[in-house]
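File shown: entry.cif (mmCIF, C-alpha atoms).
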data_target
loop_
_atom_site.label_atom_id
_atom_site.label_comp_id
_atom_site.auth_asym_id
_atom_site.auth_seq_id
_atom_site.Cartn_x
_atom_site.Cartn_y
_atom_site.Cartn_z
CA MET Q 1 10.88 -13.54 13.73
CA LEU Q 2 12.13 -10.40 15.49
CA PHE Q 3 10.09 -7.41 16.62
CA VAL Q 4 11.46 -3.93 15.82
CA SER Q 5 10.22 -1.03 17.95
CA ASN Q 6 9.60 2.30 16.24
CA GLU Q 7 9.99 3.97 19.66
CA GLN Q 8 6.47 5.44 19.58
CA ASN Q 9 7.21 7.59 16.52
CA HIS Q 10 4.10 9.01 14.83
CA ASP Q 11 5.74 10.73 11.82
CA PRO Q 12 4.64 8.78 8.70
CA ALA Q 13 7.79 9.72 6.76
CA VAL Q 14 9.97 8.28 9.52
CA ASN Q 15 7.84 5.16 9.94
CA LEU Q 16 7.85 4.34 6.22
CA ALA Q 17 11.58 5.06 6.07
CA LEU Q 18 12.09 2.68 9.01
CA GLU Q 19 10.11 0.00 7.20
CA GLU Q 20 12.29 0.38 4.09
CA TYR Q 21 15.46 0.46 6.18
CA ILE Q 22 14.54 -2.83 7.87
CA PHE Q 23 13.75 -4.32 4.47
CA ARG Q 24 16.96 -3.23 2.76
CA GLN Q 25 19.59 -2.86 5.47
CA LEU Q 26 19.03 -5.11 8.48
CA PRO Q 27 20.55 -8.61 8.57
CA GLU Q 28 18.51 -11.24 6.74
CA ASN Q 29 15.72 -12.40 9.04
CA ASN Q 30 11.97 -12.12 9.47
CA TYR Q 31 10.79 -8.94 11.19
CA LEU Q 32 7.59 -7.44 12.57
CA LEU Q 33 7.04 -3.69 12.84
CA PHE Q 34 4.11 -1.75 14.31
CA TYR Q 35 3.50 1.98 13.86
CA ILE Q 36 0.78 4.57 14.44
CA ASN Q 37 0.86 7.67 12.24
CA GLU Q 38 -0.33 11.21 12.68
CA PRO Q 39 -3.19 12.14 10.27
CA SER Q 40 -1.85 11.23 6.84
CA ILE Q 41 -2.76 9.77 3.48
CA ILE Q 42 -0.49 6.91 2.47
CA ILE Q 43 -0.43 6.61 -1.31
CA GLY Q 44 0.13 3.32 -3.15
CA LYS Q 45 3.34 3.01 -5.16
CA ASN Q 46 1.53 3.03 -8.52
CA GLN Q 47 -1.02 5.77 -7.88
CA ASN Q 48 -1.39 9.32 -9.20
CA THR Q 49 -1.37 11.26 -5.94
CA VAL Q 50 -3.26 14.34 -7.07
CA GLU Q 51 -6.23 12.22 -8.13
CA GLU Q 52 -6.41 10.28 -4.87
CA ILE Q 53 -6.63 13.13 -2.38
CA ASN Q 54 -8.98 15.99 -1.56
CA ALA Q 55 -6.24 18.62 -1.83
CA GLU Q 56 -8.19 21.46 -0.22
CA TYR Q 57 -9.18 19.37 2.79
CA VAL Q 58 -5.64 17.99 3.13
CA LYS Q 59 -4.14 21.49 3.16
CA GLU Q 60 -6.68 22.92 5.59
CA ASN Q 61 -6.16 20.07 8.05
CA GLY Q 62 -2.37 19.72 7.77
CA ILE Q 63 -2.56 16.07 6.66
CA HIS Q 64 0.73 14.41 5.63
CA ILE Q 65 0.95 12.92 2.12
CA VAL Q 66 3.46 10.07 1.87
CA ARG Q 67 3.91 7.41 -0.81
CA ARG Q 68 4.75 3.87 0.29
CA MET Q 69 6.78 1.21 -1.54
CA SER Q 70 3.89 -1.21 -2.02
CA GLY Q 71 1.02 -1.18 -4.49
CA GLY Q 72 -2.65 -1.00 -3.63
CA GLY Q 73 -4.86 1.97 -2.91
CA ALA Q 74 -4.56 5.14 -0.87
CA VAL Q 75 -5.44 4.85 2.83
CA TYR Q 76 -6.03 7.35 5.60
CA HIS Q 77 -4.01 6.98 8.82
CA ASP Q 78 -4.49 8.71 12.14
CA LEU Q 79 -3.72 8.08 15.80
CA GLY Q 80 -6.61 5.61 15.97
CA ASN Q 81 -5.12 3.37 13.30
CA LEU Q 82 -2.59 0.63 14.13
CA ASN Q 83 -0.36 -0.46 11.24
CA PHE Q 84 1.51 -3.76 11.10
CA SER Q 85 4.28 -4.79 8.74
CA PHE Q 86 5.74 -8.26 8.18
CA ILE Q 87 9.16 -7.99 6.52
CA MET Q 88 10.13 -11.49 5.47
CA LYS Q 89 12.26 -13.71 3.31
CA ASP Q 90 10.15 -14.78 0.32
CA ASP Q 91 9.55 -18.52 0.12
CA GLY Q 92 8.60 -18.19 -3.54
CA SER Q 93 4.86 -18.23 -2.98
CA SER Q 94 4.27 -15.30 -0.62
CA PHE Q 95 3.61 -12.45 -3.06
CA HIS Q 96 -0.16 -12.01 -3.58
CA ASN Q 97 -0.71 -14.50 -0.72
CA PHE Q 98 -2.34 -12.11 1.73
CA LYS Q 99 -3.84 -14.92 3.77
CA LYS Q 100 -0.41 -16.04 4.95
CA PHE Q 101 0.22 -12.67 6.60
CA THR Q 102 -3.28 -11.78 7.74
CA GLU Q 103 -3.94 -15.14 9.46
CA PRO Q 104 -2.00 -14.28 12.65
CA VAL Q 105 -3.74 -10.89 12.81
CA VAL Q 106 -7.17 -12.46 12.26
CA ALA Q 107 -6.40 -15.03 14.98
CA ALA Q 108 -5.48 -12.23 17.39
CA LEU Q 109 -8.71 -10.39 16.60
CA LYS Q 110 -10.75 -13.54 17.18
CA GLN Q 111 -9.17 -13.86 20.63
CA LEU Q 112 -10.65 -10.43 21.36
CA GLY Q 113 -14.07 -11.61 20.23
CA VAL Q 114 -13.91 -9.85 16.85
CA ASP Q 115 -15.31 -12.14 14.13
CA ALA Q 116 -12.80 -11.12 11.47
CA GLU Q 117 -12.08 -12.83 8.14
CA LEU Q 118 -9.92 -12.15 5.08
CA SER Q 119 -12.24 -10.98 2.30
CA GLY Q 120 -11.67 -10.36 -1.39
CA ARG Q 121 -8.18 -9.59 -2.57
CA ASN Q 122 -6.64 -7.96 0.48
CA ASP Q 123 -9.21 -6.80 3.06
CA ILE Q 124 -10.03 -8.01 6.56
CA GLN Q 125 -13.72 -7.62 7.31
CA VAL Q 126 -16.26 -8.17 10.05
CA GLY Q 127 -19.37 -9.17 8.16
CA GLU Q 128 -19.71 -6.66 5.32
CA ARG Q 129 -17.57 -3.99 6.98
CA LYS Q 130 -13.87 -3.50 6.31
CA ILE Q 131 -11.52 -3.08 9.28
CA SER Q 132 -8.19 -3.60 7.50
CA GLY Q 133 -6.62 -3.15 4.07
CA ASN Q 134 -3.35 -4.84 3.12
CA ALA Q 135 -0.61 -4.29 0.55
CA GLN Q 136 2.65 -5.95 -0.52
CA PHE Q 137 6.05 -5.16 -1.98
CA HIS Q 138 8.60 -7.63 -3.33
CA SER Q 139 12.27 -7.21 -4.22
CA ARG Q 140 15.35 -9.43 -4.33
CA GLY Q 141 13.84 -12.41 -2.58
CA LYS Q 142 12.24 -10.42 0.24
CA ILE Q 143 8.71 -9.22 0.84
CA ILE Q 144 6.86 -6.59 2.83
CA SER Q 145 3.26 -7.43 3.65
CA HIS Q 146 1.67 -4.65 5.66
CA GLY Q 147 -1.78 -3.53 6.64
CA THR Q 148 -3.93 -1.13 8.57
CA LEU Q 149 -6.07 -1.97 11.59
CA LEU Q 150 -8.81 0.62 12.01
CA PHE Q 151 -9.12 0.64 15.79
CA GLN Q 152 -10.69 4.00 16.59
CA SER Q 153 -10.10 6.13 13.53
CA GLU Q 154 -12.06 9.31 12.77
CA MET Q 155 -14.28 7.97 10.00
CA ASP Q 156 -15.58 11.33 8.81
CA LYS Q 157 -12.01 12.36 8.04
CA VAL Q 158 -11.38 9.13 6.10
CA ALA Q 159 -14.24 10.03 3.77
CA SER Q 160 -13.29 13.71 3.53
CA ALA Q 161 -9.56 13.26 2.89
CA LEU Q 162 -9.79 10.68 0.11
CA LYS Q 163 -11.37 10.93 -3.31
CA VAL Q 164 -13.48 7.86 -3.95
CA ASN Q 165 -13.15 5.94 -7.21
CA ALA Q 166 -16.69 4.66 -7.73
CA GLU Q 167 -15.45 1.82 -9.97
CA LYS Q 168 -13.79 0.15 -6.98
CA TYR Q 169 -17.10 -0.26 -5.19
CA VAL Q 170 -19.39 -1.34 -8.02
CA SER Q 171 -18.64 -5.04 -7.54
CA LYS Q 172 -18.90 -4.69 -3.77
CA SER Q 173 -22.52 -3.48 -3.93
CA THR Q 174 -21.89 -0.53 -1.62
CA LYS Q 175 -22.58 3.18 -1.73
CA SER Q 176 -19.54 4.80 -0.15
CA VAL Q 177 -16.34 4.38 1.81
CA ARG Q 178 -18.13 5.40 4.98
CA SER Q 179 -20.66 2.58 4.71
CA ARG Q 180 -17.97 -0.06 4.12
CA VAL Q 181 -15.44 0.66 6.85
CA ALA Q 182 -15.71 0.19 10.60
CA ASN Q 183 -13.60 0.58 13.70
CA ILE Q 184 -12.53 -2.54 15.58
CA SER Q 185 -13.48 -0.83 18.84
CA GLU Q 186 -17.14 -1.17 17.79
CA PHE Q 187 -16.88 -4.96 18.03
CA LEU Q 188 -15.00 -5.31 21.33
CA LYS Q 189 -16.82 -6.70 24.35
CA GLU Q 190 -14.69 -4.62 26.71
CA PRO Q 191 -13.24 -1.17 25.90
CA MET Q 192 -9.46 -0.80 25.59
CA THR Q 193 -6.94 1.82 24.49
CA ILE Q 194 -5.06 1.53 21.22
CA GLU Q 195 -1.86 0.85 23.20
CA GLN Q 196 -3.56 -2.04 25.00
CA PHE Q 197 -4.79 -3.24 21.61
CA ARG Q 198 -1.27 -3.01 20.16
CA LEU Q 199 0.20 -5.07 23.00
CA THR Q 200 -2.56 -7.66 22.72
CA ILE Q 201 -1.95 -8.15 18.99
CA LEU Q 202 1.83 -8.25 19.55
CA HIS Q 203 1.67 -10.91 22.27
CA SER Q 204 -0.81 -12.95 20.24
CA ILE Q 205 1.49 -13.01 17.19
CA PHE Q 206 4.40 -14.10 19.39
CA ALA Q 207 2.29 -16.58 21.35
CA GLY Q 208 4.46 -19.21 23.00
CA SER Q 209 7.43 -16.90 23.46
CA GLU Q 210 8.17 -16.13 27.12
CA GLN Q 211 9.83 -12.92 25.99
CA ILE Q 212 9.25 -11.16 22.67
CA PRO Q 213 12.46 -11.47 20.60
CA THR Q 214 13.55 -7.97 19.56
CA TYR Q 215 16.06 -6.36 17.21
CA GLU Q 216 17.53 -3.28 18.88
CA LEU Q 217 18.21 -0.41 16.50
CA THR Q 218 21.40 1.59 17.13
CA GLU Q 219 21.86 5.36 17.03
CA GLU Q 220 23.54 4.90 13.66
CA ASP Q 221 20.52 2.96 12.40
CA TRP Q 222 18.20 5.77 13.45
CA LYS Q 223 20.45 8.37 11.84
CA LYS Q 224 20.16 6.54 8.52
CA VAL Q 225 16.40 6.13 8.92
CA HIS Q 226 15.93 9.88 9.41
CA GLN Q 227 18.18 10.59 6.43
CA LEU Q 228 16.05 8.29 4.26
CA ALA Q 229 12.89 9.97 5.56
CA ASP Q 230 14.22 13.38 4.53
CA GLU Q 231 15.62 12.33 1.16
CA ARG Q 232 12.74 10.14 -0.04
CA TYR Q 233 9.60 10.24 2.06
CA ARG Q 234 9.46 14.02 2.45
CA SER Q 235 10.31 14.76 -1.19
CA TRP Q 236 7.82 16.06 -3.75
CA GLU Q 237 9.38 13.86 -6.44
CA TRP Q 238 8.58 10.68 -4.48
CA ASN Q 239 5.23 11.64 -3.00
CA TYR Q 240 3.72 13.36 -6.05
CA GLY Q 241 5.93 13.01 -9.12
CA ARG Q 242 4.99 14.10 -12.60
CA SER Q 243 1.91 13.15 -14.56
CA PRO Q 244 2.53 13.61 -18.29
CA GLU Q 245 0.21 15.41 -20.66
CA PHE Q 246 -2.04 12.93 -22.40
CA ASN Q 247 -4.68 12.77 -25.10
CA MET Q 248 -5.78 9.17 -24.55
CA GLN Q 249 -6.91 7.82 -21.20
CA GLN Q 250 -8.45 4.47 -20.29
CA ARG Q 251 -9.51 3.63 -16.75
CA LYS Q 252 -10.82 0.16 -15.96
CA ARG Q 253 -11.07 -2.30 -13.12
CA ILE Q 254 -9.84 -5.82 -13.83
CA GLU Q 255 -11.31 -8.30 -11.39
CA GLY Q 256 -8.66 -9.92 -9.22
CA ALA Q 257 -5.95 -7.45 -10.27
CA GLY Q 258 -7.22 -3.97 -9.41
CA THR Q 259 -7.96 -0.64 -11.03
CA PHE Q 260 -5.79 0.55 -13.93
CA ASP Q 261 -5.43 4.04 -15.40
CA VAL Q 262 -3.40 4.13 -18.64
CA ARG Q 263 -2.53 7.49 -20.22
CA LEU Q 264 -0.85 8.03 -23.57
CA ASN Q 265 0.25 11.15 -25.38
CA VAL Q 266 -0.04 10.27 -29.07
CA GLN Q 267 1.29 12.64 -31.72
CA ASP Q 268 1.22 11.89 -35.45
CA GLY Q 269 0.25 8.30 -34.65
CA ILE Q 270 3.29 7.70 -32.40
CA ILE Q 271 3.24 7.38 -28.60
CA LYS Q 272 5.39 10.23 -27.28
CA ASP Q 273 4.76 9.73 -23.57
CA ALA Q 274 3.00 7.16 -21.39
CA ALA Q 275 2.00 6.70 -17.78
CA ILE Q 276 0.36 3.82 -15.91
CA PHE Q 277 -1.38 4.31 -12.57
CA GLY Q 278 -3.50 2.06 -10.40
CA ASP Q 279 -3.91 0.09 -7.19
CA PHE Q 280 -2.53 -3.17 -8.63
CA PHE Q 281 0.25 -5.22 -7.02
CA GLY Q 282 3.24 -6.05 -9.18
CA ARG Q 283 6.83 -7.07 -8.62
CA GLY Q 284 8.23 -4.81 -11.33
CA ASP Q 285 8.29 -1.05 -11.83
CA ARG Q 286 5.26 0.12 -13.88
CA ASN Q 287 7.44 2.86 -15.43
CA GLU Q 288 9.51 0.22 -17.22
CA VAL Q 289 6.39 -0.83 -19.12
CA ALA Q 290 5.46 2.79 -19.86
CA GLU Q 291 8.92 3.35 -21.34
CA LYS Q 292 8.47 0.35 -23.66
CA LEU Q 293 5.38 2.01 -25.16
CA VAL Q 294 7.15 5.27 -26.03
CA GLY Q 295 8.07 5.47 -29.70
CA VAL Q 296 5.61 2.73 -30.71
CA ARG Q 297 3.02 3.37 -33.43
CA TYR Q 298 -0.45 3.63 -31.88
CA THR Q 299 -1.97 0.65 -33.66
CA GLU Q 300 -3.26 -2.58 -32.19
CA GLU Q 301 -0.81 -4.61 -34.25
CA ALA Q 302 2.26 -2.66 -33.10
CA LEU Q 303 1.22 -2.52 -29.45
CA ARG Q 304 0.31 -6.19 -29.36
CA GLU Q 305 3.73 -7.08 -30.74
CA VAL Q 306 5.47 -5.00 -28.05
CA SER Q 307 3.19 -6.28 -25.30
CA GLN Q 308 3.80 -9.93 -26.15
CA GLY Q 309 7.39 -9.39 -25.06
CA ILE Q 310 6.35 -8.02 -21.64
CA ASP Q 311 5.73 -10.26 -18.63
CA LEU Q 312 2.49 -8.51 -17.69
CA THR Q 313 1.88 -10.56 -14.54
CA TYR Q 314 5.31 -9.55 -13.23
CA TYR Q 315 4.38 -5.88 -13.45
CA PHE Q 316 0.64 -5.91 -12.82
CA GLY Q 317 -0.45 -9.16 -11.21
CA PRO Q 318 -3.09 -11.49 -12.69
CA ILE Q 319 -3.99 -9.85 -16.00
CA THR Q 320 -4.03 -11.34 -19.50
CA LEU Q 321 -2.72 -9.93 -22.75
CA GLU Q 322 -6.32 -9.25 -23.82
CA ASP Q 323 -6.99 -7.39 -20.56
CA TRP Q 324 -3.95 -5.26 -21.31
CA MET Q 325 -4.90 -4.59 -24.93
CA ASN Q 326 -8.34 -3.46 -23.78
CA LEU Q 327 -6.62 -0.89 -21.56
CA LEU Q 328 -4.63 0.51 -24.49
CA PHE Q 329 -7.65 0.95 -26.80
#

What is this file in structure tokens?
Amino acid sequence: MLFVSNEQNHDPAVNLALEEYIFRQLPENNYLLFYINEPSIIIGKNQNTVEEINAEYVKENGIHIVRRMSGGGAVYHDLGNLNFSFIMKDDGSSFHNFKKFTEPVVAALKQLGVDAELSGRNDIQVGERKISGNAQFHSRGKIISHGTLLFQSEMDKVASALKVNAEKYVSKSTKSVRSRVANISEFLKEPMTIEQFRLTILHSIFAGSEQIPTYELTEEDWKKVHQLADERYRSWEWNYGRSPEFNMQQRKRIEGAGTFDVRLNVQDGIIKDAAIFGDFFGRGDRNEVAEKLVGVRYTEEALREVSQGIDLTYYFGPITLEDWMNLLF
């Protein structure tokens, strides 16, 4: 595995562009990337941005809004939040296997005296308090598995910037985001800066290496990264996109898969437009499924027939046909 330095860049558009560039353009290998972003909300690939953010607060505080390539939920980043990204060749069993990628991070935290464990689908927790959320993206035999490490983040801003979907927390027996999350700095025996923390995690992951193996980006690489940042990660189309008019909406949480929000515009009994949002993790593009629903008669029989020809787990993770039908009606 090779470490790639982001050269202390704090622009979330550049950092997410760098992550994609490593994934798509660098020679085939396994890579590790760290980055720390300015105050920003990083939106999951499948989410409806306008419903995840507190728009007034975001505008007043100059918070960046950037969509990432992976699924999962929206997260708040600031200069007290260290982000790690494993960019790897897929061995065929890595997607949805968060433990494989969080284990080295958990081990590093334990060396610092932080009693961390992977919990639920994709969180790292200390006791009942979340210190890290993780997400994944898969394409063409490669995988990104990345996560946040709340080191010394401004918790009041986390709660203020994000809209909370109460359904996500029902099964977790909690009252709010603020009561669930914690900073790693709270659990350290000795105080340290986030840069010291970053170096500690880095050296722990590469334990046994006398010198950390590094991939050096060229000026041409950086030029292409900044171009990608401008063309994709700063664009309204990518970060917000359209949300179609609808007259049927179903929002449900499916245990083990995530929260789904299905919207249909039905006219004269025919689906004219469709959109699927959520914090699920899938290999495929959710819009491909939405397109398959357009033009179909809005009856259980017709939609079941169409749905039987769709590999639902490929697009949405571990859901059944009956789960899916319950989302449509």

Result set of the PyMOL selection byres ((chain Q and resi 130) around 10) on the coordinates above, as a count of residues only: 24

Length of the atom CA of Asp311 of chain Q to atom CA of Asn30 of chain Q vector [Å]: 28.8 Å

Which residue of Q:Ile143, Q:Phe95, Q:Ser153, Q:Gly113 approaches Ile194 of chain Q most closely, using all atoms listed in the file: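 Smallest separation from Ile194 of chain Q among the options: Q:Ser153.
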
So, with only C-alpha atoms as the atoms that count, which of Q:Lys110, Q:His96, Q:His138, Q:Lys163 lies closest to Ile43 of chain Q? Q:Lys163

Counting only C-alpha atoms, what is within 12 Å of segment 205-207 of chain Q, bar same-chain residues fewer than 6 positions away, as a ChimeraX atom specification? /Q:1-3,31-34,84,86,101-109,111,198-199,213-214

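Across the chains present, the PyMOL selection byres ((chain Q and resi 40) around 8) applied to this file returns Pro12, Asn37, Glu38, Pro39, Ile41, Ile42, Ile63, His64, Ile65, Val66, Tyr76, His77 and Asp78 of chain Q.
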
Dump segment 200-214 of chain Q with C-alpha atoms to a file, as a CSV table (one decimal), in the first residue's frame.
chain,number,residue,atom,x,y,z
Q,200,THR,CA,0.2,8.6,14.9
Q,201,ILE,CA,-2.6,6.9,12.9
Q,202,LEU,CA,-0.5,7.0,9.7
Q,203,HIS,CA,2.5,5.3,11.4
Q,204,SER,CA,0.3,2.7,13.1
Q,205,ILE,CA,-1.3,1.7,9.8
Q,206,PHE,CA,2.2,1.3,8.2
Q,207,ALA,CA,3.6,-0.4,11.3
Q,208,GLY,CA,6.7,-2.4,10.4
Q,209,SER,CA,7.7,-0.1,7.6
Q,210,GLU,CA,11.0,1.8,8.4
Q,211,GLN,CA,9.8,4.5,5.9
Q,212,ILE,CA,6.3,5.1,4.8
Q,213,PRO,CA,6.0,4.1,1.1
Q,214,THR,CA,4.6,7.1,-0.8
